[in-house]
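Trainee: entry_25.csv is the file, holding CSV, C-alpha atoms (C1' of nucleotides):
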```csv
chain,number,residue,atom,x,y,z
X,1,MET,CA,11.8,142.1,89.2
X,2,ASP,CA,14.2,141.3,92.0
X,3,ASN,CA,15.5,138.1,90.6
X,4,THR,CA,16.9,139.1,87.3
X,5,PRO,CA,20.3,140.7,88.0
X,6,ASP,CA,20.6,138.1,90.6
X,7,HIS,CA,21.4,135.4,88.1
X,8,CYS,CA,24.5,137.1,87.0
X,9,ARG,CA,25.9,137.6,90.4
X,10,VAL,CA,25.3,134.0,91.4
X,11,ALA,CA,27.0,132.7,88.4
X,12,THR,CA,29.9,134.9,89.2
X,13,THR,CA,30.0,133.4,92.6
X,14,MET,CA,30.0,129.9,91.3
X,15,GLU,CA,32.9,130.7,89.1
X,16,MET,CA,35.1,131.4,92.0
X,17,ILE,CA,34.5,127.9,93.1
X,18,ILE,CA,34.7,126.3,89.7
X,19,GLY,CA,38.2,126.7,88.4
X,20,LYS,CA,39.4,123.8,86.3
X,21,TRP,CA,40.5,121.7,89.3
X,22,LYS,CA,38.5,122.9,92.2
X,23,ILE,CA,35.6,120.5,91.8
X,24,ALA,CA,38.0,117.6,91.6
X,25,ILE,CA,39.9,118.8,94.7
X,26,MET,CA,36.7,119.2,96.7
X,27,LEU,CA,35.3,115.8,95.6
X,28,ASN,CA,38.6,114.1,96.6
X,29,LEU,CA,38.7,115.9,100.0
X,30,ILE,CA,35.1,114.9,100.6
X,31,HIS,CA,35.9,111.3,99.7
X,32,TYR,CA,39.1,110.9,101.5
X,33,GLY,CA,38.5,113.3,104.4
X,34,THR,CA,42.0,114.6,104.8
X,35,MET,CA,44.8,114.6,102.3
X,36,ARG,CA,48.4,115.8,102.1
X,37,PHE,CA,49.6,117.9,99.3
X,38,SER,CA,51.4,115.0,97.6
X,39,GLU,CA,48.3,112.8,97.9
X,40,LEU,CA,46.2,115.3,96.1
X,41,ARG,CA,48.8,115.5,93.4
X,42,HIS,CA,48.8,111.8,93.2
X,43,VAL,CA,45.1,111.4,92.7
X,44,MET,CA,45.1,114.2,90.2
X,45,PRO,CA,48.0,113.7,87.8
X,46,GLY,CA,47.8,116.4,85.2
X,47,VAL,CA,47.7,119.3,87.5
X,48,THR,CA,50.9,121.1,88.1
X,49,GLN,CA,52.2,122.0,91.6
X,50,LYS,CA,51.8,125.7,90.9
X,51,VAL,CA,48.2,125.3,89.8
X,52,LEU,CA,47.3,122.9,92.6
X,53,THR,CA,48.7,125.3,95.1
X,54,SER,CA,46.8,128.3,93.7
X,55,GLN,CA,43.5,126.4,93.5
X,56,LEU,CA,44.0,125.3,97.2
X,57,ARG,CA,44.8,128.9,98.2
X,58,ASP,CA,41.6,130.1,96.5
X,59,LEU,CA,39.5,127.5,98.3
X,60,GLU,CA,41.1,128.2,101.6
X,61,GLN,CA,40.5,131.9,101.2
X,62,GLU,CA,36.8,131.2,100.5
X,63,GLY,CA,36.6,129.3,103.8
X,64,ILE,CA,35.9,126.0,102.0
X,65,VAL,CA,39.2,124.2,102.6
X,66,LYS,CA,41.2,124.1,105.8
X,67,ARG,CA,45.0,124.0,105.6
X,68,VAL,CA,47.0,122.6,108.5
X,69,VAL,CA,50.8,122.8,108.5
X,70,TYR,CA,52.9,120.5,110.7
X,71,PRO,CA,56.2,122.1,111.5
X,72,GLN,CA,58.4,119.2,110.4
X,73,VAL,CA,61.0,118.4,107.9
X,74,PRO,CA,60.2,117.3,105.3
X,75,PRO,CA,57.1,119.4,105.5
X,76,LYS,CA,53.7,118.0,106.1
X,77,VAL,CA,50.6,119.9,105.2
X,78,GLU,CA,47.1,118.5,105.4
X,79,TYR,CA,44.0,119.7,103.6
X,80,SER,CA,40.4,119.0,104.4
X,81,MET,CA,37.0,120.5,103.8
X,82,THR,CA,35.7,122.9,106.4
X,83,GLU,CA,32.3,122.5,107.8
X,84,TYR,CA,31.2,125.4,105.6
X,85,GLY,CA,32.8,123.7,102.6
X,86,MET,CA,30.8,120.6,103.4
X,87,SER,CA,27.6,122.6,102.7
X,88,LEU,CA,28.6,122.1,99.1
X,89,GLN,CA,28.7,118.3,99.3
X,90,THR,CA,25.2,117.6,97.9
X,91,ILE,CA,25.7,119.9,95.0
X,92,LEU,CA,29.1,118.5,94.2
X,93,GLU,CA,27.9,114.9,94.3
X,94,MET,CA,24.9,115.7,92.1
X,95,MET,CA,27.2,117.3,89.7
X,96,HIS,CA,29.4,114.3,89.8
X,97,GLU,CA,26.4,112.0,89.1
X,98,TRP,CA,25.0,114.2,86.4
X,99,GLY,CA,28.4,114.5,84.7
X,100,LYS,CA,28.9,110.7,84.7
X,101,ALA,CA,25.5,110.2,83.1
X,102,HIS,CA,26.2,113.0,80.6
X,103,LEU,CA,29.4,111.3,79.5
X,104,GLN,CA,27.6,108.0,79.1
X,105,ARG,CA,25.0,109.7,77.0
X,106,LYS,CA,27.5,111.2,74.7
X,107,THR,CA,29.3,107.9,74.3
X,108,GLN,CA,26.1,106.2,73.4
X,109,MET,CA,25.3,108.9,70.9
X,110,LEU,CA,28.6,108.2,69.2
X,111,PHE,CA,27.8,104.5,68.8
X,112,SER,CA,24.2,105.0,67.8
X,113,LYS,CA,25.4,107.4,65.1
X,114,ASP,CA,27.3,104.6,63.4
X,115,THR,CA,24.3,102.3,63.4
X,116,ASP,CA,21.8,105.0,62.7
X,117,ASN,CA,21.3,104.0,59.0
X,118,GLN,CA,20.7,100.4,59.8
X,119,ASN,CA,18.5,101.3,62.7
X,120,ASP,CA,15.8,98.6,62.6
X,121,LYS,CA,18.1,95.9,61.2
X,122,ASN,CA,20.1,95.6,64.4
X,123,ASN,CA,17.2,95.3,66.9
R,1,MET,CA,39.9,102.2,93.0
R,2,ASP,CA,37.4,102.9,90.2
R,3,ASN,CA,36.4,106.3,91.4
R,4,THR,CA,39.6,108.2,91.4
R,5,PRO,CA,40.3,109.2,87.8
R,6,ASP,CA,36.6,109.7,87.6
R,7,HIS,CA,36.7,113.0,89.4
R,8,CYS,CA,38.8,114.5,86.8
R,9,ARG,CA,36.6,113.6,83.9
R,10,VAL,CA,33.4,114.7,85.6
R,11,ALA,CA,34.9,118.1,86.4
R,12,THR,CA,35.8,118.3,82.8
R,13,THR,CA,32.3,117.6,81.8
R,14,MET,CA,30.9,120.2,84.1
R,15,GLU,CA,33.2,122.8,82.7
R,16,MET,CA,31.6,122.4,79.3
R,17,ILE,CA,28.4,123.5,81.0
R,18,ILE,CA,29.9,126.2,83.1
R,19,GLY,CA,31.3,128.9,80.9
R,20,LYS,CA,31.0,132.4,82.3
R,21,TRP,CA,27.3,132.9,81.1
R,22,LYS,CA,25.9,129.4,80.7
R,23,ILE,CA,24.5,129.1,84.2
R,24,ALA,CA,22.8,132.5,83.9
R,25,ILE,CA,21.4,131.5,80.5
R,26,MET,CA,20.0,128.3,81.8
R,27,LEU,CA,18.6,129.8,85.0
R,28,ASN,CA,16.8,132.4,82.9
R,29,LEU,CA,15.5,129.9,80.4
R,30,ILE,CA,14.2,127.8,83.3
R,31,HIS,CA,12.6,130.8,84.8
R,32,TYR,CA,11.0,132.3,81.8
R,33,GLY,CA,10.4,129.2,79.8
R,34,THR,CA,11.1,130.4,76.3
R,35,MET,CA,13.1,133.5,75.3
R,36,ARG,CA,14.1,135.2,72.1
R,37,PHE,CA,17.7,136.1,71.5
R,38,SER,CA,17.1,139.8,72.2
R,39,GLU,CA,15.3,139.0,75.5
R,40,LEU,CA,18.2,137.0,76.7
R,41,ARG,CA,20.5,139.9,75.8
R,42,HIS,CA,18.1,142.2,77.7
R,43,VAL,CA,18.1,140.2,81.0
R,44,MET,CA,21.9,139.8,80.7
R,45,PRO,CA,23.4,143.1,79.9
R,46,GLY,CA,27.1,142.8,80.0
R,47,VAL,CA,27.3,139.8,77.6
R,48,THR,CA,28.2,140.6,74.0
R,49,GLN,CA,26.2,139.2,71.1
R,50,LYS,CA,29.2,137.1,70.0
R,51,VAL,CA,29.6,135.5,73.4
R,52,LEU,CA,25.9,135.0,73.9
R,53,THR,CA,25.7,133.3,70.6
R,54,SER,CA,28.6,131.0,71.2
R,55,GLN,CA,27.4,130.0,74.7
R,56,LEU,CA,24.0,129.2,73.2
R,57,ARG,CA,25.6,127.2,70.5
R,58,ASP,CA,27.5,125.2,73.1
R,59,LEU,CA,24.4,124.5,75.1
R,60,GLU,CA,22.5,123.6,72.0
R,61,GLN,CA,25.2,121.2,70.9
R,62,GLU,CA,25.1,119.5,74.3
R,63,GLY,CA,21.4,118.9,73.9
R,64,ILE,CA,20.6,121.2,76.8
R,65,VAL,CA,19.0,124.1,74.9
R,66,LYS,CA,16.6,123.9,72.0
R,67,ARG,CA,16.8,126.6,69.2
R,68,VAL,CA,13.8,127.3,67.0
R,69,VAL,CA,14.1,129.6,64.1
R,70,TYR,CA,11.0,131.2,62.6
R,71,PRO,CA,11.5,132.1,59.0
R,72,GLN,CA,10.5,135.7,59.2
R,73,VAL,CA,11.9,139.1,58.6
R,74,PRO,CA,13.1,140.5,61.0
R,75,PRO,CA,14.3,137.1,62.3
R,76,LYS,CA,12.8,135.4,65.2
R,77,VAL,CA,14.6,132.8,67.1
R,78,GLU,CA,13.4,131.2,70.3
R,79,TYR,CA,15.5,129.4,72.9
R,80,SER,CA,14.3,127.0,75.6
R,81,MET,CA,15.6,124.2,77.8
R,82,THR,CA,15.2,120.7,76.4
R,83,GLU,CA,13.8,118.0,78.6
R,84,TYR,CA,17.3,116.7,79.0
R,85,GLY,CA,18.5,120.2,80.0
R,86,MET,CA,15.8,120.3,82.6
R,87,SER,CA,17.5,117.4,84.4
R,88,LEU,CA,19.9,120.1,85.5
R,89,GLN,CA,17.2,122.2,87.1
R,90,THR,CA,17.7,121.0,90.7
R,91,ILE,CA,21.5,121.4,90.5
R,92,LEU,CA,21.2,124.8,89.0
R,93,GLU,CA,18.7,126.0,91.6
R,94,MET,CA,20.8,124.7,94.4
R,95,MET,CA,23.8,126.5,93.0
R,96,HIS,CA,21.7,129.6,92.8
R,97,GLU,CA,20.7,129.3,96.4
R,98,TRP,CA,24.2,128.4,97.7
R,99,GLY,CA,25.7,131.3,95.7
R,100,LYS,CA,23.3,133.8,97.2
R,101,ALA,CA,24.0,132.6,100.7
R,102,HIS,CA,27.7,132.7,100.0
R,103,LEU,CA,27.6,136.3,98.8
R,104,GLN,CA,25.6,137.2,102.0
R,105,ARG,CA,28.2,135.5,104.1
R,106,LYS,CA,31.0,137.4,102.5
R,107,THR,CA,29.2,140.7,102.9
R,108,GLN,CA,28.6,139.9,106.6
R,109,MET,CA,32.3,139.1,107.0
R,110,LEU,CA,33.2,142.5,105.7
R,111,PHE,CA,31.0,144.2,108.2
R,112,SER,CA,32.0,142.0,111.1
R,113,LYS,CA,35.6,142.7,110.4
R,114,ASP,CA,35.1,146.4,111.2
R,115,THR,CA,33.4,145.7,114.5
R,116,ASP,CA,35.6,142.8,115.4
R,117,ASN,CA,37.6,144.6,118.0
R,118,GLN,CA,34.6,145.9,119.9
R,119,ASN,CA,33.0,142.5,119.7
R,120,ASP,CA,31.3,142.2,123.1
R,121,LYS,CA,30.6,145.9,123.5
R,122,ASN,CA,28.0,145.8,120.8
R,123,ASN,CA,25.9,142.9,121.9
Q,1,DA,C1',16.5,155.5,48.2
Q,2,DC,C1',16.7,155.1,53.1
Q,3,DC,C1',15.6,153.6,57.8
Q,4,DT,C1',14.5,150.1,61.2
Q,5,DA,C1',14.4,145.7,63.5
Q,6,DT,C1',16.4,141.0,64.7
Q,7,DA,C1',19.8,137.7,64.9
Q,8,DG,C1',23.5,137.1,64.1
Q,9,DT,C1',29.0,137.0,61.9
Q,10,DT,C1',33.7,138.9,61.4
Q,11,DT,C1',38.0,140.8,62.8
Q,12,DC,C1',41.0,142.4,66.0
Q,13,DT,C1',42.6,143.0,70.6
Q,14,DT,C1',43.3,141.9,75.5
Q,15,DC,C1',43.9,139.4,79.6
Q,16,DA,C1',44.0,136.0,83.0
Q,17,DA,C1',44.4,131.2,83.7
Q,18,DA,C1',47.1,127.4,82.9
Q,19,DG,C1',51.3,124.6,81.7
Q,20,DA,C1',56.4,123.5,81.7
Q,21,DA,C1',60.4,123.4,83.9
Q,22,DA,C1',63.7,124.7,87.0
Q,23,DC,C1',64.7,126.4,91.6
Q,24,DT,C1',64.3,126.7,97.1
Q,25,DA,C1',64.2,125.4,102.1
Q,26,DA,C1',65.0,122.5,105.7
Q,27,DC,C1',66.7,118.5,107.9
Q,28,DC,C1',68.2,113.7,108.0
Q,29,DA,C1',70.7,109.6,106.5
Q,30,DA,C1',74.5,107.3,104.3
W,1,DT,C1',78.9,116.2,100.7
W,2,DT,C1',75.7,114.1,98.2
W,3,DG,C1',71.2,112.7,97.8
W,4,DG,C1',66.4,112.3,99.2
W,5,DT,C1',61.9,114.0,100.8
W,6,DT,C1',57.9,117.4,100.9
W,7,DA,C1',55.7,121.5,99.8
W,8,DG,C1',56.0,124.7,97.8
W,9,DT,C1',57.9,129.3,94.6
W,10,DT,C1',59.6,131.5,90.4
W,11,DT,C1',60.0,132.5,85.7
W,12,DC,C1',58.6,132.2,81.2
W,13,DT,C1',55.5,130.8,77.6
W,14,DT,C1',51.1,129.4,75.7
W,15,DT,C1',46.3,129.3,75.1
W,16,DG,C1',41.7,130.2,75.1
W,17,DA,C1',38.0,132.8,76.4
W,18,DA,C1',36.1,137.1,76.3
W,19,DG,C1',35.3,142.0,74.9
W,20,DA,C1',34.8,145.9,71.5
W,21,DA,C1',33.3,147.4,67.4
W,22,DA,C1',32.0,147.1,62.9
W,23,DC,C1',29.6,144.6,59.3
W,24,DT,C1',25.7,141.4,57.1
W,25,DA,C1',21.1,139.8,55.5
W,26,DT,C1',16.4,140.5,54.7
W,27,DA,C1',11.9,142.5,54.2
W,28,DG,C1',8.6,146.0,55.3
W,29,DG,C1',7.5,150.7,56.0
W,30,DT,C1',7.7,156.0,54.5
```
Would you write out, as structure tokens, the structure that this file holds?

Mentor:
Amino acid sequence: MDNTPDHCRVATTMEMIIGKWKIAIMLNLIHYGTMRFSELRHVMPGVTQKVLTSQLRDLEQEGIVKRVVYPQVPPKVEYSMTEYGMSLQTILEMMHEWGKAHLQRKTQMLFSKDTDNQNDKNN
Amino acid sequence: MDNTPDHCRVATTMEMIIGKWKIAIMLNLIHYGTMRFSELRHVMPGVTQKVLTSQLRDLEQEGIVKRVVYPQVPPKVEYSMTEYGMSLQTILEMMHEWGKAHLQRKTQMLFSKDTDNQNDKNN
DNA sequence: ACCTATAGTTTCTTCAAAGAAACTAACCAA
DNA sequence: TTGGTTAGTTTCTTTGAAGAAACTATAGGT
């Protein structure tokens, strides 16, 4: 009675955090501690500068990621998880584990499909 | 060295599961056990039939949701989490909790912004 | 003959997120 | 003065997801 419309809003909240590359960014920052912009780009080839920037801005605005600019030339900007952001660590790592297992499961299902007809022959 | 490109793929996997309404669907199914199509629609006003159907199909295809059709007129179709889907329960509930707290935090920040200037007066 | 209920499907439209590619700023080194 | 480095921004295009609204199938009731 008080938990029903809840579900919707919570999902909405999670979406802010889950945007194509945000999980990957956070996992990398948790793993490496602190990273420069170019390092993030390096461990995540496939994301464009524009998108990476905007995802980082989003996370920063939510208080999950901290951005530190060093006034140098060439520029140096370091990103890291805030303490608040770290409250997501367990969830993110569970997602990571679950996702890995899920991929394995799907791969297995592809193989077992091929051998499905000859099921008891091969074992 | 073996965990870097990983992050990308895992995020990709999670995306399949996180699509606008999927978290809400799963949380509801976990909470209520088994639900008819119309019941899902009822607890999630705001989602159209088309979208609800397609999200359910996705979840079904991933082996997370089970769909049971009763050959009746008018039709009766029941949805529930599979055992495999239930392996997401902990993650989903943690997301639920975290999301709730996150919303509260943001609400608080809105209020505290108003009173920020008079900070030590009020306490 | 018509209405109702349930669980969809179909078609058309809209919109935001994402991608590609080029451009910028600032300073240093050769 | 040309080039290199880093961390972006800008512009334009593409794509996919989602929404709105109407249509479908089927049987039982009146």

Trainee: When you draw a straight line from CA of Leu59 (chain X) to CA of Met94 (chain X), how long is it in Å?

Mentor: 19.8 Å

Trainee: Please identify all polymer residues within 10 Å of DA18 (chain W), counting all atoms listed in the file, omitting same-chain residues fewer than 5 positions from it, and present them as number ranges by chain.

Mentor: R: 20, 47-48, 50-51; Q: 14-15

Trainee: From the set Q:DA26, Q:DC2, Q:DA7, Q:DA16, which residue has the shortest atom-to-atom contact distance to chain X, counting all atoms listed in the file?

Mentor: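 Of Q:DA26, Q:DC2, Q:DA7, Q:DA16, the one nearest chain X, counting all atoms listed in the file, is Q:DA26.
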
Trainee: Give as a count of residues only every residue of chain R that touches chain X within 10 Å, counting all atoms listed in the file.

Mentor: 50

Trainee: Given identical sequences, can you show me chain X least-squares superposed on chain R via all its Cα atoms in order, as a PDB file with C-alpha atoms, keeping the file's coordinate frame?

Mentor:
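So superposed13.pdb came out as:
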```
ATOM      1  CA  MET X   1      40.028 102.129  92.910  1.00  0.00           C
ATOM      2  CA  ASP X   2      37.480 102.831  90.216  1.00  0.00           C
ATOM      3  CA  ASN X   3      36.451 106.206  91.416  1.00  0.00           C
ATOM      4  CA  THR X   4      39.629 108.143  91.394  1.00  0.00           C
ATOM      5  CA  PRO X   5      40.274 109.134  87.760  1.00  0.00           C
ATOM      6  CA  ASP X   6      36.616 109.579  87.594  1.00  0.00           C
ATOM      7  CA  HIS X   7      36.725 112.865  89.431  1.00  0.00           C
ATOM      8  CA  CYS X   8      38.775 114.465  86.795  1.00  0.00           C
ATOM      9  CA  ARG X   9      36.606 113.468  83.954  1.00  0.00           C
ATOM     10  CA  VAL X  10      33.454 114.663  85.673  1.00  0.00           C
ATOM     11  CA  ALA X  11      34.894 117.978  86.392  1.00  0.00           C
ATOM     12  CA  THR X  12      35.846 118.245  82.799  1.00  0.00           C
ATOM     13  CA  THR X  13      32.311 117.540  81.890  1.00  0.00           C
ATOM     14  CA  MET X  14      30.966 120.180  84.162  1.00  0.00           C
ATOM     15  CA  GLU X  15      33.236 122.695  82.610  1.00  0.00           C
ATOM     16  CA  MET X  16      31.600 122.353  79.301  1.00  0.00           C
ATOM     17  CA  ILE X  17      28.439 123.442  80.927  1.00  0.00           C
ATOM     18  CA  ILE X  18      29.931 126.131  83.097  1.00  0.00           C
ATOM     19  CA  GLY X  19      31.283 128.840  80.876  1.00  0.00           C
ATOM     20  CA  LYS X  20      30.973 132.313  82.326  1.00  0.00           C
ATOM     21  CA  TRP X  21      27.372 132.807  81.139  1.00  0.00           C
ATOM     22  CA  LYS X  22      25.931 129.399  80.738  1.00  0.00           C
ATOM     23  CA  ILE X  23      24.547 129.055  84.244  1.00  0.00           C
ATOM     24  CA  ALA X  24      22.854 132.408  83.928  1.00  0.00           C
ATOM     25  CA  ILE X  25      21.390 131.484  80.513  1.00  0.00           C
ATOM     26  CA  MET X  26      20.054 128.175  81.806  1.00  0.00           C
ATOM     27  CA  LEU X  27      18.580 129.736  84.987  1.00  0.00           C
ATOM     28  CA  ASN X  28      16.813 132.416  82.873  1.00  0.00           C
ATOM     29  CA  LEU X  29      15.463 129.812  80.382  1.00  0.00           C
ATOM     30  CA  ILE X  30      14.235 127.718  83.286  1.00  0.00           C
ATOM     31  CA  HIS X  31      12.550 130.752  84.823  1.00  0.00           C
ATOM     32  CA  TYR X  32      11.042 132.234  81.795  1.00  0.00           C
ATOM     33  CA  GLY X  33      10.441 129.061  79.770  1.00  0.00           C
ATOM     34  CA  THR X  34      11.116 130.435  76.341  1.00  0.00           C
ATOM     35  CA  MET X  35      13.078 133.488  75.384  1.00  0.00           C
ATOM     36  CA  ARG X  36      14.139 135.275  72.202  1.00  0.00           C
ATOM     37  CA  PHE X  37      17.665 136.205  71.575  1.00  0.00           C
ATOM     38  CA  SER X  38      17.075 139.883  72.393  1.00  0.00           C
ATOM     39  CA  GLU X  39      15.293 138.955  75.634  1.00  0.00           C
ATOM     40  CA  LEU X  40      18.228 136.992  76.831  1.00  0.00           C
ATOM     41  CA  ARG X  41      20.466 139.895  76.019  1.00  0.00           C
ATOM     42  CA  HIS X  42      18.165 142.121  77.885  1.00  0.00           C
ATOM     43  CA  VAL X  43      18.154 140.145  81.078  1.00  0.00           C
ATOM     44  CA  MET X  44      21.880 139.735  80.877  1.00  0.00           C
ATOM     45  CA  PRO X  45      23.439 143.094  80.039  1.00  0.00           C
ATOM     46  CA  GLY X  46      27.167 142.657  80.082  1.00  0.00           C
ATOM     47  CA  VAL X  47      27.363 139.816  77.716  1.00  0.00           C
ATOM     48  CA  THR X  48      28.210 140.607  74.181  1.00  0.00           C
ATOM     49  CA  GLN X  49      26.228 139.266  71.177  1.00  0.00           C
ATOM     50  CA  LYS X  50      29.189 137.208  70.022  1.00  0.00           C
ATOM     51  CA  VAL X  51      29.631 135.586  73.414  1.00  0.00           C
ATOM     52  CA  LEU X  52      25.917 135.027  73.961  1.00  0.00           C
ATOM     53  CA  THR X  53      25.680 133.369  70.619  1.00  0.00           C
ATOM     54  CA  SER X  54      28.654 131.058  71.244  1.00  0.00           C
ATOM     55  CA  GLN X  55      27.438 130.066  74.719  1.00  0.00           C
ATOM     56  CA  LEU X  56      23.956 129.251  73.182  1.00  0.00           C
ATOM     57  CA  ARG X  57      25.618 127.227  70.400  1.00  0.00           C
ATOM     58  CA  ASP X  58      27.581 125.237  72.999  1.00  0.00           C
ATOM     59  CA  LEU X  59      24.444 124.479  74.997  1.00  0.00           C
ATOM     60  CA  GLU X  60      22.489 123.548  71.956  1.00  0.00           C
ATOM     61  CA  GLN X  61      25.220 121.213  70.814  1.00  0.00           C
ATOM     62  CA  GLU X  62      25.160 119.506  74.242  1.00  0.00           C
ATOM     63  CA  GLY X  63      21.425 118.881  73.796  1.00  0.00           C
ATOM     64  CA  ILE X  64      20.564 121.183  76.725  1.00  0.00           C
ATOM     65  CA  VAL X  65      19.030 124.114  74.841  1.00  0.00           C
ATOM     66  CA  LYS X  66      16.633 123.955  71.929  1.00  0.00           C
ATOM     67  CA  ARG X  67      16.840 126.622  69.220  1.00  0.00           C
ATOM     68  CA  VAL X  68      13.807 127.357  67.068  1.00  0.00           C
ATOM     69  CA  VAL X  69      14.062 129.755  64.125  1.00  0.00           C
ATOM     70  CA  TYR X  70      10.960 131.410  62.649  1.00  0.00           C
ATOM     71  CA  PRO X  71      11.528 132.287  59.044  1.00  0.00           C
ATOM     72  CA  GLN X  72      10.502 135.940  59.288  1.00  0.00           C
ATOM     73  CA  VAL X  73      11.927 139.322  58.865  1.00  0.00           C
ATOM     74  CA  PRO X  74      13.119 140.677  61.179  1.00  0.00           C
ATOM     75  CA  PRO X  75      14.260 137.321  62.404  1.00  0.00           C
ATOM     76  CA  LYS X  76      12.773 135.590  65.349  1.00  0.00           C
ATOM     77  CA  VAL X  77      14.605 132.879  67.172  1.00  0.00           C
ATOM     78  CA  GLU X  78      13.415 131.274  70.375  1.00  0.00           C
ATOM     79  CA  TYR X  79      15.457 129.398  72.945  1.00  0.00           C
ATOM     80  CA  SER X  80      14.278 127.036  75.613  1.00  0.00           C
ATOM     81  CA  MET X  81      15.610 124.212  77.715  1.00  0.00           C
ATOM     82  CA  THR X  82      15.211 120.720  76.352  1.00  0.00           C
ATOM     83  CA  GLU X  83      13.788 118.029  78.452  1.00  0.00           C
ATOM     84  CA  TYR X  84      17.320 116.690  78.890  1.00  0.00           C
ATOM     85  CA  GLY X  85      18.492 120.169  79.876  1.00  0.00           C
ATOM     86  CA  MET X  86      15.775 120.246  82.496  1.00  0.00           C
ATOM     87  CA  SER X  87      17.520 117.315  84.255  1.00  0.00           C
ATOM     88  CA  LEU X  88      19.916 119.995  85.389  1.00  0.00           C
ATOM     89  CA  GLN X  89      17.253 122.153  87.045  1.00  0.00           C
ATOM     90  CA  THR X  90      17.724 120.914  90.643  1.00  0.00           C
ATOM     91  CA  ILE X  91      21.434 121.315  90.490  1.00  0.00           C
ATOM     92  CA  LEU X  92      21.216 124.754  88.978  1.00  0.00           C
ATOM     93  CA  GLU X  93      18.718 125.985  91.558  1.00  0.00           C
ATOM     94  CA  MET X  94      20.797 124.598  94.427  1.00  0.00           C
ATOM     95  CA  MET X  95      23.728 126.352  93.032  1.00  0.00           C
ATOM     96  CA  HIS X  96      21.737 129.486  92.777  1.00  0.00           C
ATOM     97  CA  GLU X  97      20.641 129.163  96.447  1.00  0.00           C
ATOM     98  CA  TRP X  98      24.074 128.268  97.674  1.00  0.00           C
ATOM     99  CA  GLY X  99      25.655 131.161  95.759  1.00  0.00           C
ATOM    100  CA  LYS X 100      23.154 133.680  97.206  1.00  0.00           C
ATOM    101  CA  ALA X 101      23.911 132.488 100.725  1.00  0.00           C
ATOM    102  CA  HIS X 102      27.659 132.541  99.999  1.00  0.00           C
ATOM    103  CA  LEU X 103      27.460 136.165  98.919  1.00  0.00           C
ATOM    104  CA  GLN X 104      25.516 137.067 102.032  1.00  0.00           C
ATOM    105  CA  ARG X 105      28.130 135.378 104.125  1.00  0.00           C
ATOM    106  CA  LYS X 106      30.926 137.274 102.582  1.00  0.00           C
ATOM    107  CA  THR X 107      29.098 140.557 102.998  1.00  0.00           C
ATOM    108  CA  GLN X 108      28.542 139.852 106.623  1.00  0.00           C
ATOM    109  CA  MET X 109      32.176 138.970 107.069  1.00  0.00           C
ATOM    110  CA  LEU X 110      33.091 142.373 105.708  1.00  0.00           C
ATOM    111  CA  PHE X 111      30.914 144.166 108.264  1.00  0.00           C
ATOM    112  CA  SER X 112      31.877 141.978 111.179  1.00  0.00           C
ATOM    113  CA  LYS X 113      35.527 142.688 110.362  1.00  0.00           C
ATOM    114  CA  ASP X 114      35.007 146.374 111.057  1.00  0.00           C
ATOM    115  CA  THR X 115      33.386 145.714 114.408  1.00  0.00           C
ATOM    116  CA  ASP X 116      35.617 142.843 115.306  1.00  0.00           C
ATOM    117  CA  ASN X 117      37.708 144.867 117.850  1.00  0.00           C
ATOM    118  CA  GLN X 118      34.706 146.158 119.661  1.00  0.00           C
ATOM    119  CA  ASN X 119      33.060 142.791 119.553  1.00  0.00           C
ATOM    120  CA  ASP X 120      31.259 142.608 122.917  1.00  0.00           C
ATOM    121  CA  LYS X 121      30.593 146.356 123.127  1.00  0.00           C
ATOM    122  CA  ASN X 122      28.064 146.313 120.311  1.00  0.00           C
ATOM    123  CA  ASN X 123      25.900 143.366 121.487  1.00  0.00           C
TER     124      ASN X 123
END
```

Trainee: Within 12 Å of chain X, which residues belong to chain W? Use all atoms listed in the file and report them as a ChimeraX atom specification.

Mentor: /W:4-11
